[in-house]
>>> print(open('protein.pdb').read())   # PDB, C-alpha atoms
ATOM      1  CA  MET A   1      43.699  82.359  27.018
ATOM      2  CA  THR A   2      44.295  85.226  24.634
ATOM      3  CA  ILE A   3      44.252  84.585  20.919
ATOM      4  CA  ARG A   4      45.336  87.492  18.743
ATOM      5  CA  PRO A   5      46.228  87.985  15.060
ATOM      6  CA  ALA A   6      49.809  87.075  14.202
ATOM      7  CA  ILE A   7      52.191  89.960  13.538
ATOM      8  CA  ALA A   8      55.640  90.178  11.962
ATOM      9  CA  SER A   9      57.476  89.795  15.267
ATOM     10  CA  ASP A  10      55.840  86.392  15.848
ATOM     11  CA  VAL A  11      57.867  84.841  13.045
ATOM     12  CA  GLU A  12      60.675  83.279  15.114
ATOM     13  CA  GLU A  13      58.259  81.566  17.487
ATOM     14  CA  THR A  14      56.171  80.471  14.508
ATOM     15  CA  LEU A  15      59.251  78.919  12.872
ATOM     16  CA  ARG A  16      60.073  77.131  16.115
ATOM     17  CA  PHE A  17      56.589  75.574  16.148
ATOM     18  CA  ALA A  18      56.647  74.749  12.445
ATOM     19  CA  ALA A  19      60.047  73.056  12.813
ATOM     20  CA  ALA A  20      58.670  70.942  15.671
ATOM     21  CA  MET A  21      55.658  69.970  13.585
ATOM     22  CA  TYR A  22      57.822  68.935  10.629
ATOM     23  CA  ALA A  23      60.127  67.008  12.987
ATOM     24  CA  SER A  24      57.090  65.048  14.195
ATOM     25  CA  VAL A  25      56.556  63.753  10.654
ATOM     26  CA  GLY A  26      60.257  63.110  10.029
ATOM     27  CA  LEU A  27      61.273  66.284   8.212
ATOM     28  CA  GLU A  28      64.311  68.096   9.537
ATOM     29  CA  ALA A  29      64.202  71.889   9.477
ATOM     30  CA  ASP A  30      67.485  73.374   8.287
ATOM     31  CA  ASP A  31      68.824  76.916   7.927
ATOM     32  CA  ALA A  32      67.891  77.101   4.254
ATOM     33  CA  TRP A  33      64.291  76.363   5.158
ATOM     34  CA  ARG A  34      64.383  78.890   8.008
ATOM     35  CA  ALA A  35      65.663  81.636   5.719
ATOM     36  CA  LEU A  36      63.034  80.912   3.080
ATOM     37  CA  ALA A  37      60.215  80.578   5.587
ATOM     38  CA  ARG A  38      61.217  83.752   7.432
ATOM     39  CA  ARG A  39      61.174  85.700   4.185
ATOM     40  CA  ASP A  40      57.845  84.271   2.991
ATOM     41  CA  VAL A  41      56.045  84.829   6.288
ATOM     42  CA  ALA A  42      57.245  88.437   6.315
ATOM     43  CA  ALA A  43      56.176  88.977   2.722
ATOM     44  CA  ARG A  44      52.799  87.270   2.949
ATOM     45  CA  LEU A  45      51.406  87.945   6.431
ATOM     46  CA  GLY A  46      48.394  90.220   6.179
ATOM     47  CA  ARG A  47      48.355  89.970   2.378
ATOM     48  CA  THR A  48      47.872  86.422   1.080
ATOM     49  CA  MET A  49      48.111  84.781   4.498
ATOM     50  CA  PHE A  50      46.629  85.434   7.914
ATOM     51  CA  GLY A  51      47.494  83.898  11.247
ATOM     52  CA  TRP A  52      46.488  83.746  14.871
ATOM     53  CA  VAL A  53      48.656  83.047  17.893
ATOM     54  CA  ALA A  54      48.264  82.379  21.602
ATOM     55  CA  GLU A  55      50.670  84.323  23.805
ATOM     56  CA  ALA A  56      52.543  82.438  26.503
ATOM     57  CA  GLY A  57      53.479  83.889  29.864
ATOM     58  CA  ALA A  58      57.006  85.106  29.045
ATOM     59  CA  PRO A  59      57.266  88.183  26.816
ATOM     60  CA  GLY A  60      57.809  87.392  23.167
ATOM     61  CA  THR A  61      56.924  83.728  23.537
ATOM     62  CA  LEU A  62      53.925  81.903  22.105
ATOM     63  CA  SER A  63      51.999  78.808  23.098
ATOM     64  CA  ALA A  64      50.295  78.103  19.782
ATOM     65  CA  CYS A  65      49.844  79.346  16.234
ATOM     66  CA  GLY A  66      47.835  78.693  13.087
ATOM     67  CA  TYR A  67      47.884  80.192   9.584
ATOM     68  CA  VAL A  68      45.560  80.270   6.587
ATOM     69  CA  THR A  69      46.313  81.104   2.939
ATOM     70  CA  VAL A  70      43.597  82.448   0.648
ATOM     71  CA  ASP A  71      43.313  80.442  -2.583
ATOM     72  CA  ASP A  72      41.366  81.737  -5.556
ATOM     73  CA  ARG A  73      39.649  79.217  -7.811
ATOM     74  CA  LEU A  74      37.394  79.428 -10.819
ATOM     75  CA  PRO A  75      33.654  79.582 -10.064
ATOM     76  CA  ILE A  76      31.746  76.310  -9.807
ATOM     77  CA  PRO A  77      28.041  76.583 -10.689
ATOM     78  CA  GLY A  78      26.007  76.826  -7.502
ATOM     79  CA  GLN A  79      28.906  77.711  -5.234
ATOM     80  CA  LEU A  80      28.776  81.073  -3.538
ATOM     81  CA  SER A  81      32.453  81.903  -3.472
ATOM     82  CA  THR A  82      35.561  81.261  -5.567
ATOM     83  CA  ARG A  83      37.847  81.691  -2.593
ATOM     84  CA  HIS A  84      38.999  78.851  -0.390
ATOM     85  CA  GLY A  85      41.302  78.814   2.603
ATOM     86  CA  TYR A  86      44.262  76.481   3.079
ATOM     87  CA  VAL A  87      45.325  75.963   6.686
ATOM     88  CA  GLN A  88      48.984  75.370   7.569
ATOM     89  CA  TRP A  89      51.228  75.392  10.615
ATOM     90  CA  VAL A  90      48.647  74.806  13.311
ATOM     91  CA  VAL A  91      50.853  73.878  16.254
ATOM     92  CA  THR A  92      50.593  73.993  20.037
ATOM     93  CA  ASP A  93      53.643  73.987  22.277
ATOM     94  CA  PRO A  94      53.970  70.575  23.971
ATOM     95  CA  ASP A  95      53.788  72.251  27.396
ATOM     96  CA  ALA A  96      50.454  73.857  26.537
ATOM     97  CA  ARG A  97      48.667  70.883  24.947
ATOM     98  CA  GLY A  98      45.291  69.794  26.226
ATOM     99  CA  THR A  99      44.237  73.339  27.126
ATOM    100  CA  GLY A 100      42.137  74.048  24.055
ATOM    101  CA  LEU A 101      44.534  76.494  22.383
ATOM    102  CA  GLY A 102      44.615  74.632  19.077
ATOM    103  CA  LYS A 103      40.828  74.494  19.010
ATOM    104  CA  ALA A 104      40.563  78.190  19.877
ATOM    105  CA  ILE A 105      42.911  79.088  17.018
ATOM    106  CA  MET A 106      41.044  76.880  14.558
ATOM    107  CA  LEU A 107      37.749  78.520  15.564
ATOM    108  CA  GLN A 108      39.320  81.944  15.023
ATOM    109  CA  ILE A 109      40.379  80.873  11.549
ATOM    110  CA  GLU A 110      36.908  79.498  10.839
ATOM    111  CA  GLN A 111      35.202  82.662  12.082
ATOM    112  CA  TRP A 112      37.485  84.840   9.997
ATOM    113  CA  ALA A 113      36.988  82.658   6.916
ATOM    114  CA  SER A 114      33.200  82.735   7.289
ATOM    115  CA  GLY A 115      33.321  86.504   7.627
ATOM    116  CA  GLU A 116      35.427  86.737   4.478
ATOM    117  CA  GLY A 117      32.906  84.573   2.641
ATOM    118  CA  LEU A 118      35.324  81.755   1.823
ATOM    119  CA  GLU A 119      33.725  78.643   0.331
ATOM    120  CA  ALA A 120      35.632  76.103   2.398
ATOM    121  CA  LEU A 121      38.732  75.517   4.473
ATOM    122  CA  HIS A 122      41.185  72.841   3.395
ATOM    123  CA  LEU A 123      44.178  71.309   5.081
ATOM    124  CA  HIS A 124      46.384  68.262   5.071
ATOM    125  CA  SER A 125      46.235  66.584   8.442
ATOM    126  CA  SER A 126      48.993  64.554   9.985
ATOM    127  CA  PRO A 127      47.778  61.170  11.242
ATOM    128  CA  ALA A 128      48.116  62.416  14.831
ATOM    129  CA  ALA A 129      45.907  65.464  14.256
ATOM    130  CA  ARG A 130      43.138  63.776  12.279
ATOM    131  CA  SER A 131      40.815  63.200  15.230
ATOM    132  CA  PHE A 132      41.328  66.830  16.291
ATOM    133  CA  TYR A 133      40.088  68.072  12.912
ATOM    134  CA  LEU A 134      37.269  65.508  12.739
ATOM    135  CA  ALA A 135      36.035  66.813  16.102
ATOM    136  CA  LEU A 136      35.993  70.333  14.635
ATOM    137  CA  GLY A 137      33.694  69.205  11.826
ATOM    138  CA  TYR A 138      36.305  68.625   9.104
ATOM    139  CA  GLU A 139      35.678  65.742   6.757
ATOM    140  CA  LEU A 140      38.101  63.710   4.728
ATOM    141  CA  SER A 141      37.905  65.206   1.251
ATOM    142  CA  HIS A 142      36.819  63.541  -1.918
ATOM    143  CA  PRO A 143      39.819  61.570  -3.096
ATOM    144  CA  VAL A 144      42.289  64.217  -4.217
ATOM    145  CA  ASP A 145      45.376  63.354  -6.169
ATOM    146  CA  PHE A 146      48.389  64.302  -4.131
ATOM    147  CA  PRO A 147      51.855  62.987  -3.441
ATOM    148  CA  SER A 148      52.094  60.540  -0.575
ATOM    149  CA  ASP A 149      55.164  62.329   0.756
ATOM    150  CA  LEU A 150      52.949  65.151   1.943
ATOM    151  CA  ARG A 151      52.321  62.745   4.822
ATOM    152  CA  GLY A 152      48.875  64.099   5.337
ATOM    153  CA  ALA A 153      45.277  63.379   4.545
ATOM    154  CA  PRO A 154      43.350  66.093   2.729
ATOM    155  CA  MET A 155      40.433  67.380   4.782
ATOM    156  CA  ARG A 156      37.963  70.183   4.366
ATOM    157  CA  LEU A 157      35.316  72.181   6.186
ATOM    158  CA  ARG A 158      32.495  73.664   4.127
ATOM    159  CA  LEU A 159      31.660  77.222   5.162
ATOM    160  CA  ALA A 160      29.217  78.727   2.674
ATOM    161  CA  GLY A 161      25.631  78.490   3.833
ATOM    162  CA  ARG A 162      26.718  76.778   6.984
ATOM    163  CA  ASP A 163      25.237  77.556  10.374
ATOM    164  CA  ARG A 164      27.768  78.816  12.870
ATOM    165  CA  ARG A 165      28.316  76.227  15.486
ATOM    166  CA  GLY A 166      28.234  77.367  19.084
ATOM    167  CA  THR A 167      31.591  77.303  20.774
TER     168      THR A 167
ATOM    169  CA  MET B   1      52.864  63.852 -35.591
ATOM    170  CA  ALA B   2      50.171  66.004 -34.053
ATOM    171  CA  ASP B   3      48.340  68.281 -36.458
ATOM    172  CA  PHE B   4      47.485  70.814 -33.782
ATOM    173  CA  VAL B   5      49.353  73.209 -31.538
ATOM    174  CA  THR B   6      48.786  74.336 -27.991
ATOM    175  CA  ARG B   7      49.288  77.930 -26.922
ATOM    176  CA  PRO B   8      48.950  79.889 -23.683
ATOM    177  CA  ALA B   9      45.478  81.301 -23.063
ATOM    178  CA  THR B  10      45.027  85.062 -23.245
ATOM    179  CA  PRO B  11      42.271  87.242 -21.752
ATOM    180  CA  ASP B  12      40.675  87.387 -25.225
ATOM    181  CA  ASP B  13      39.973  83.637 -24.927
ATOM    182  CA  ALA B  14      37.868  84.115 -21.783
ATOM    183  CA  ALA B  15      34.400  83.756 -23.335
ATOM    184  CA  GLU B  16      35.385  80.601 -25.275
ATOM    185  CA  ILE B  17      37.071  79.141 -22.193
ATOM    186  CA  VAL B  18      33.929  79.698 -20.146
ATOM    187  CA  TYR B  19      31.868  78.011 -22.872
ATOM    188  CA  LEU B  20      34.122  74.938 -22.694
ATOM    189  CA  GLY B  21      33.993  75.076 -18.890
ATOM    190  CA  ALA B  22      30.198  75.066 -19.041
ATOM    191  CA  LEU B  23      30.284  71.960 -21.271
ATOM    192  CA  MET B  24      32.479  70.223 -18.724
ATOM    193  CA  TYR B  25      30.133  71.078 -15.837
ATOM    194  CA  LYS B  26      27.067  69.967 -17.843
ATOM    195  CA  SER B  27      28.785  66.641 -18.511
ATOM    196  CA  VAL B  28      28.794  65.975 -14.765
ATOM    197  CA  GLY B  29      25.248  67.195 -14.201
ATOM    198  CA  ALA B  30      25.947  70.703 -12.886
ATOM    199  CA  LYS B  31      23.890  73.648 -14.097
ATOM    200  CA  PRO B  32      25.961  76.602 -15.291
ATOM    201  CA  THR B  33      23.796  79.739 -15.157
ATOM    202  CA  PRO B  34      24.091  83.061 -17.044
ATOM    203  CA  THR B  35      25.275  84.672 -13.804
ATOM    204  CA  TRP B  36      27.946  82.012 -13.442
ATOM    205  CA  ALA B  37      29.062  82.543 -17.047
ATOM    206  CA  LEU B  38      29.341  86.317 -16.716
ATOM    207  CA  GLU B  39      31.198  86.154 -13.422
ATOM    208  CA  SER B  40      33.472  83.410 -14.747
ATOM    209  CA  THR B  41      34.335  85.388 -17.866
ATOM    210  CA  ARG B  42      35.190  88.433 -15.794
ATOM    211  CA  LEU B  43      37.397  86.396 -13.433
ATOM    212  CA  VAL B  44      39.221  84.539 -16.191
ATOM    213  CA  LYS B  45      40.017  87.836 -17.937
ATOM    214  CA  GLU B  46      41.147  89.439 -14.736
ATOM    215  CA  ARG B  47      43.222  86.547 -13.384
ATOM    216  CA  LEU B  48      44.969  85.198 -16.504
ATOM    217  CA  GLY B  49      48.586  86.267 -16.318
ATOM    218  CA  ARG B  50      48.285  86.917 -12.600
ATOM    219  CA  ASP B  51      47.485  83.795 -10.579
ATOM    220  CA  LEU B  52      45.805  81.811 -13.360
ATOM    221  CA  PHE B  53      47.476  80.143 -16.344
ATOM    222  CA  GLY B  54      45.781  78.441 -19.256
ATOM    223  CA  VAL B  55      46.611  76.313 -22.281
ATOM    224  CA  VAL B  56      44.268  76.241 -25.269
ATOM    225  CA  ILE B  57      43.994  74.658 -28.713
ATOM    226  CA  ASP B  58      42.400  76.685 -31.510
ATOM    227  CA  ALA B  59      39.683  74.971 -33.554
ATOM    228  CA  ASP B  60      39.922  75.040 -37.358
ATOM    229  CA  GLU B  61      36.276  76.087 -37.528
ATOM    230  CA  GLY B  62      36.902  79.045 -35.198
ATOM    231  CA  GLY B  63      36.855  79.397 -31.432
ATOM    232  CA  LEU B  64      38.602  76.973 -29.150
ATOM    233  CA  ALA B  65      38.727  73.181 -29.462
ATOM    234  CA  ALA B  66      40.100  72.583 -25.961
ATOM    235  CA  CYS B  67      41.312  74.352 -22.852
ATOM    236  CA  GLY B  68      42.723  73.753 -19.400
ATOM    237  CA  LEU B  69      43.416  76.176 -16.570
ATOM    238  CA  ILE B  70      45.548  76.099 -13.486
ATOM    239  CA  ASN B  71      45.215  78.218 -10.347
ATOM    240  CA  VAL B  72      48.477  79.133  -8.632
ATOM    241  CA  THR B  73      48.538  79.919  -4.934
ATOM    242  CA  PRO B  74      51.309  80.524  -2.387
ATOM    243  CA  ARG B  75      52.213  77.936   0.237
ATOM    244  CA  LEU B  76      54.453  78.099   3.263
ATOM    245  CA  PRO B  77      57.660  76.209   2.500
ATOM    246  CA  ARG B  78      58.545  72.919   4.100
ATOM    247  CA  PRO B  79      62.020  71.603   4.876
ATOM    248  CA  GLY B  80      63.888  69.959   2.036
ATOM    249  CA  ARG B  81      61.655  71.398  -0.671
ATOM    250  CA  HIS B  82      61.945  74.506  -2.739
ATOM    251  CA  ALA B  83      58.362  74.938  -3.896
ATOM    252  CA  ARG B  84      56.548  77.918  -2.454
ATOM    253  CA  GLU B  85      53.446  77.592  -4.607
ATOM    254  CA  ALA B  86      50.822  74.944  -5.190
ATOM    255  CA  ALA B  87      48.497  74.537  -8.151
ATOM    256  CA  TYR B  88      44.910  73.452  -8.674
ATOM    257  CA  VAL B  89      43.740  72.384 -12.137
ATOM    258  CA  GLN B  90      40.235  73.267 -13.360
ATOM    259  CA  TRP B  91      38.235  73.328 -16.566
ATOM    260  CA  VAL B  92      40.137  70.840 -18.682
ATOM    261  CA  SER B  93      37.544  70.556 -21.415
ATOM    262  CA  THR B  94      37.336  69.607 -25.083
ATOM    263  CA  ALA B  95      34.527  70.538 -27.483
ATOM    264  CA  PRO B  96      32.541  67.390 -28.418
ATOM    265  CA  GLN B  97      33.537  67.512 -32.099
ATOM    266  CA  HIS B  98      37.192  67.343 -31.071
ATOM    267  CA  HIS B  99      37.072  64.457 -28.637
ATOM    268  CA  ARG B 100      39.451  61.524 -29.026
ATOM    269  CA  LYS B 101      42.225  63.517 -30.706
ATOM    270  CA  GLY B 102      44.548  63.773 -27.701
ATOM    271  CA  TYR B 103      43.711  67.410 -27.078
ATOM    272  CA  ALA B 104      43.128  67.095 -23.327
ATOM    273  CA  ARG B 105      46.422  65.244 -22.934
ATOM    274  CA  ALA B 106      48.260  67.955 -24.880
ATOM    275  CA  VAL B 107      46.619  70.659 -22.762
ATOM    276  CA  MET B 108      47.544  68.885 -19.526
ATOM    277  CA  GLU B 109      51.121  68.349 -20.715
ATOM    278  CA  GLY B 110      51.305  72.059 -21.499
ATOM    279  CA  LEU B 111      50.053  72.942 -18.032
ATOM    280  CA  LEU B 112      52.516  70.586 -16.338
ATOM    281  CA  GLU B 113      55.397  71.908 -18.435
ATOM    282  CA  TRP B 114      54.528  75.352 -17.164
ATOM    283  CA  THR B 115      54.242  74.313 -13.493
ATOM    284  CA  ASP B 116      57.541  72.389 -13.786
ATOM    285  CA  ALA B 117      59.283  75.486 -15.140
ATOM    286  CA  ARG B 118      57.847  77.474 -12.249
ATOM    287  CA  GLY B 119      59.078  74.953  -9.690
ATOM    288  CA  ILE B 120      55.623  73.921  -8.501
ATOM    289  CA  GLU B 121      55.754  70.455  -6.946
ATOM    290  CA  VAL B 122      52.199  69.787  -5.793
ATOM    291  CA  ILE B 123      49.345  69.827  -8.280
ATOM    292  CA  GLU B 124      45.830  68.856  -7.275
ATOM    293  CA  LEU B 125      42.607  68.403  -9.160
ATOM    294  CA  HIS B 126      39.209  66.842  -8.898
ATOM    295  CA  ALA B 127      38.743  64.468 -11.802
ATOM    296  CA  THR B 128      35.515  63.896 -13.678
ATOM    297  CA  PRO B 129      34.971  60.246 -14.633
ATOM    298  CA  ALA B 130      35.933  61.098 -18.230
ATOM    299  CA  GLY B 131      39.267  62.568 -17.163
ATOM    300  CA  HIS B 132      40.265  59.981 -14.617
ATOM    301  CA  ASP B 133      42.307  57.648 -16.817
ATOM    302  CA  LEU B 134      44.173  60.485 -18.514
ATOM    303  CA  TYR B 135      45.211  62.011 -15.193
ATOM    304  CA  ARG B 136      46.371  58.643 -13.959
ATOM    305  CA  GLU B 137      48.496  58.195 -17.083
ATOM    306  CA  LEU B 138      50.018  61.613 -16.474
ATOM    307  CA  GLY B 139      51.161  60.557 -13.007
ATOM    308  CA  PHE B 140      48.286  61.752 -10.832
ATOM    309  CA  PHE B 141      47.186  59.325  -8.198
ATOM    310  CA  GLU B 142      44.621  58.948  -5.469
ATOM    311  CA  LYS B 143      45.396  58.411  -1.884
ATOM    312  CA  THR B 144      44.197  54.907  -1.216
ATOM    313  CA  ASP B 145      44.858  54.291   2.457
ATOM    314  CA  ASN B 146      41.737  56.218   3.391
ATOM    315  CA  VAL B 147      39.365  56.273   0.451
ATOM    316  CA  SER B 148      36.813  58.783   1.542
ATOM    317  CA  MET B 149      33.062  58.946   1.267
ATOM    318  CA  MET B 150      31.081  62.101   1.828
ATOM    319  CA  ALA B 151      27.467  62.972   2.465
ATOM    320  CA  LEU B 152      26.273  66.449   1.571
ATOM    321  CA  ARG B 153      23.284  67.430   3.684
ATOM    322  CA  GLY B 154      21.148  70.477   4.310
ATOM    323  CA  GLU B 155      21.679  73.266   1.785
ATOM    324  CA  ALA B 156      24.749  71.504   0.438
ATOM    325  CA  ALA B 157      22.698  68.441  -0.564
ATOM    326  CA  GLN B 158      21.935  69.969  -3.952
ATOM    327  CA  ASP B 159      25.639  69.719  -4.809
ATOM    328  CA  ALA B 160      25.628  65.934  -4.469
ATOM    329  CA  PRO B 161      26.140  63.915  -7.681
ATOM    330  CA  GLY B 162      22.906  63.057  -9.445
ATOM    331  CA  ARG B 163      20.929  65.764  -7.648
ATOM    332  CA  ALA B 164      21.517  68.597 -10.100
TER     333      ALA B 164
END
>>> encode(input="protein.pdb", output="structure tokens")
Amino acid sequence: MTIRPAIASDVEETLRFAAAMYASVGLEADDAWRALARRDVAARLGRTMFGWVAEAGAPGTLSACGYVTVDDRLPIPGQLSTRHGYVQWVVTDPDARGTGLGKAIMLQIEQWASGEGLEALHLHSSPAARSFYLALGYELSHPVDFPSDLRGAPMRLRLAGRDRRGT
Amino acid sequence: MADFVTRPATPDDAAEIVYLGALMYKSVGAKPTPTWALESTRLVKERLGRDLFGVVIDADEGGLAACGLINVTPRLPRPGRHAREAAYVQWVSTAPQHHRKGYARAVMEGLLEWTDARGIEVIELHATPAGHDLYRELGFFEKTDNVSMMALRGEAAQDAPGRA
């Protein structure tokens, strides 16, 4: 499997995966969302957001993707970094599930985030994905106030001072 | 009728904001260091007006009586929603001599007015015990279907409550 950084031309495949993920939690992707998402991915990729994708066999098609946004926070005494990562749109094509692509992308994100010196990675997990993230070392966060319609549980992975796990 | 006014924080408030932030951390047993204070002051100055917004209340005796800050960060959009940013509240703090005057509530209302105007729909925070009831009254809530517990081990153990 080849995992590579996401580039601008991956946006349509990324939107296809994101739409499928939202559909799985009952949210219907419409054209207004597509237009907004297309614009934001183009504007943010490589600046405030980074992504990794797995290429599928056919040219221009992907099997999986995952993105991370860099969040800046105010310093907390004793913490090494003010920057955190927020993971979104981690999706594997149904045909390619069970082959470790999602895990490989998450490990790429983790490796990149450790290299950047981020304090932690955060995400909201769908019920279906929770065991996947638990297996990767994510923990359910301290209770965080958030709207129930996010349909996800907040989880995080601490990075600073953490030993790299073998893959 | 309130006998105080809130105003947006400016970079000139940075040192006072960091002082109030240090009080808040001390109240939960953390140890703000000189290095932390210097770095924090630099970051608050640099980020205010960019991806950080603050509300403060001036104290009659000089300096600030209360402050609250909110980090703004981009988010990928989701269907049916217009928000493309999320916010994380930090350093809502009131000087001890100004407790119990409604300052923290006024600061939080100022912050939420600002996020509403900006179209931000998701606001998160970690509440100290002292702030919990206020946040609840302002509409914040905890997810209750999976109340979490966490153990901090190894080097992270020093961050655990009661260990500072």
>>> residues_around(input="protein.pdb", residues="Arg16 of chain A", least_positions_apart="3", cutoff="10 Å", atoms="only C-alpha atoms", output="list in words")
Val11, Glu12, Glu13, Ala19, Ala20, Met21, Ala29, Arg34, Leu62, Val91 and Asp93 of chain A
>>> resolve_selection(input="protein.pdb", expression="the PyMOL selection byres ((chain B) within 6 of (chain A))", output="list in words")
Pro32, Thr73, Pro77, Pro79, Glu124, Phe140, Phe141, Glu142 and Ser148 of chain B
>>> atom_distance(input="protein.pdb", atom1="atom CA of Val53 of chain A", atom2="atom CA of Ala6 of chain A")
5.6 Å
>>> residues_around(input="protein.pdb", residues="Asp95 of chain A", least_positions_apart="6", cutoff="12 Å", atoms="all atoms listed in the file", output="list in words")
Ala56, Gly57, Leu62, Ser63, Ala64 and Leu101 of chain A
>>> write_last_selection(input="protein.pdb", atoms="C-alpha atoms", output="mmCIF file, in the frame of the given file")
data_model
loop_
_atom_site.group_PDB
_atom_site.id
_atom_site.type_symbol
_atom_site.label_atom_id
_atom_site.label_comp_id
_atom_site.auth_asym_id
_atom_site.auth_seq_id
_atom_site.Cartn_x
_atom_site.Cartn_y
_atom_site.Cartn_z
ATOM 1 C CA ALA A 56 52.543 82.438 26.503
ATOM 2 C CA GLY A 57 53.479 83.889 29.864
ATOM 3 C CA LEU A 62 53.925 81.903 22.105
ATOM 4 C CA SER A 63 51.999 78.808 23.098
ATOM 5 C CA ALA A 64 50.295 78.103 19.782
ATOM 6 C CA LEU A 101 44.534 76.494 22.383
#
>>> resolve_selection(input="protein.pdb", expression="the PyMOL selection byres ((chain B and resi 58) around 10)", output="list in words")
Phe4, Val5, Thr6, Arg7, Asp13, Val56, Ile57, Ala59, Asp60, Glu61, Gly62, Gly63, Leu64, Ala65, Ala66 and Cys67 of chain B
>>> atom_distance(input="protein.pdb", atom1="atom CA of Asn71 of chain B", atom2="atom CA of Met106 of chain A")
25.3 Å
>>> resolve_selection(input="protein.pdb", expression="the PyMOL selection byres ((chain B and resi 89) around 8)", output="PyMOL selection string")
chain B and resi 68-71+87-88+90-92+123-126
>>> write_last_selection(input="protein.pdb", atoms="C-alpha atoms", output="CSV table (one decimal), in the coordinates of the input")
chain,number,residue,atom,x,y,z
B,68,GLY,CA,42.7,73.8,-19.4
B,69,LEU,CA,43.4,76.2,-16.6
B,70,ILE,CA,45.5,76.1,-13.5
B,71,ASN,CA,45.2,78.2,-10.3
B,87,ALA,CA,48.5,74.5,-8.2
B,88,TYR,CA,44.9,73.5,-8.7
B,90,GLN,CA,40.2,73.3,-13.4
B,91,TRP,CA,38.2,73.3,-16.6
B,92,VAL,CA,40.1,70.8,-18.7
B,123,ILE,CA,49.3,69.8,-8.3
B,124,GLU,CA,45.8,68.9,-7.3
B,125,LEU,CA,42.6,68.4,-9.2
B,126,HIS,CA,39.2,66.8,-8.9
>>> residues_around(input="protein.pdb", residues="Leu121 of chain A", least_positions_apart="2", cutoff="8 Å", atoms="all atoms listed in the file", output="list in words")
His84, Gly85, Tyr86, Val87, Glu110, Ala113, Leu118, Glu119, Leu123, Arg156, Leu157, Arg158 and Leu159 of chain A
>>> residues_around(input="protein.pdb", residues="Ala130 of chain B", least_positions_apart="4", cutoff="10 Å", atoms="all atoms listed in the file", output="JSON, numbers by chain")
{"B": [24, 27, 28, 134, 135]}
>>> residues_near_point(input="protein.pdb", point="(43.7, 81.5, -15.0)", cutoff="9 Å", atoms="only C-alpha atoms", output="PyMOL selection string")
(chain A and resi 73-74) or (chain B and resi 9+11+43-54+68-72)
>>> atom_distance(input="protein.pdb", atom1="atom CA of Arg81 of chain B", atom2="atom CA of Leu15 of chain A")
15.7 Å
>>> residues_around(input="protein.pdb", residues="Leu138 of chain B", least_positions_apart="4", cutoff="12 Å", atoms="all atoms listed in the file", output="list in words")
Asp145 of chain A; Ala104, Arg105, Ala106, Val107, Met108, Glu109, Gly110, Leu111, Leu112, Glu113, Ile123, Gly131, His132, Asp133 and Leu134 of chain B
>>> axis_aligned_box(input="protein.pdb", around="segment 156-159 of chain A", padding_each_side="4 Å", output="JSON")
{"center_x": 34.8, "center_y": 73.7, "center_z": 5.2, "size_x": 14.3, "size_y": 15.0, "size_z": 10.1}
>>> closest_residue(input="protein.pdb", among="A:Met1, A:Val90, A:Ala120, A:Ala58", to="Tyr133 of chain A", atoms="all atoms listed in the file")
A:Val90
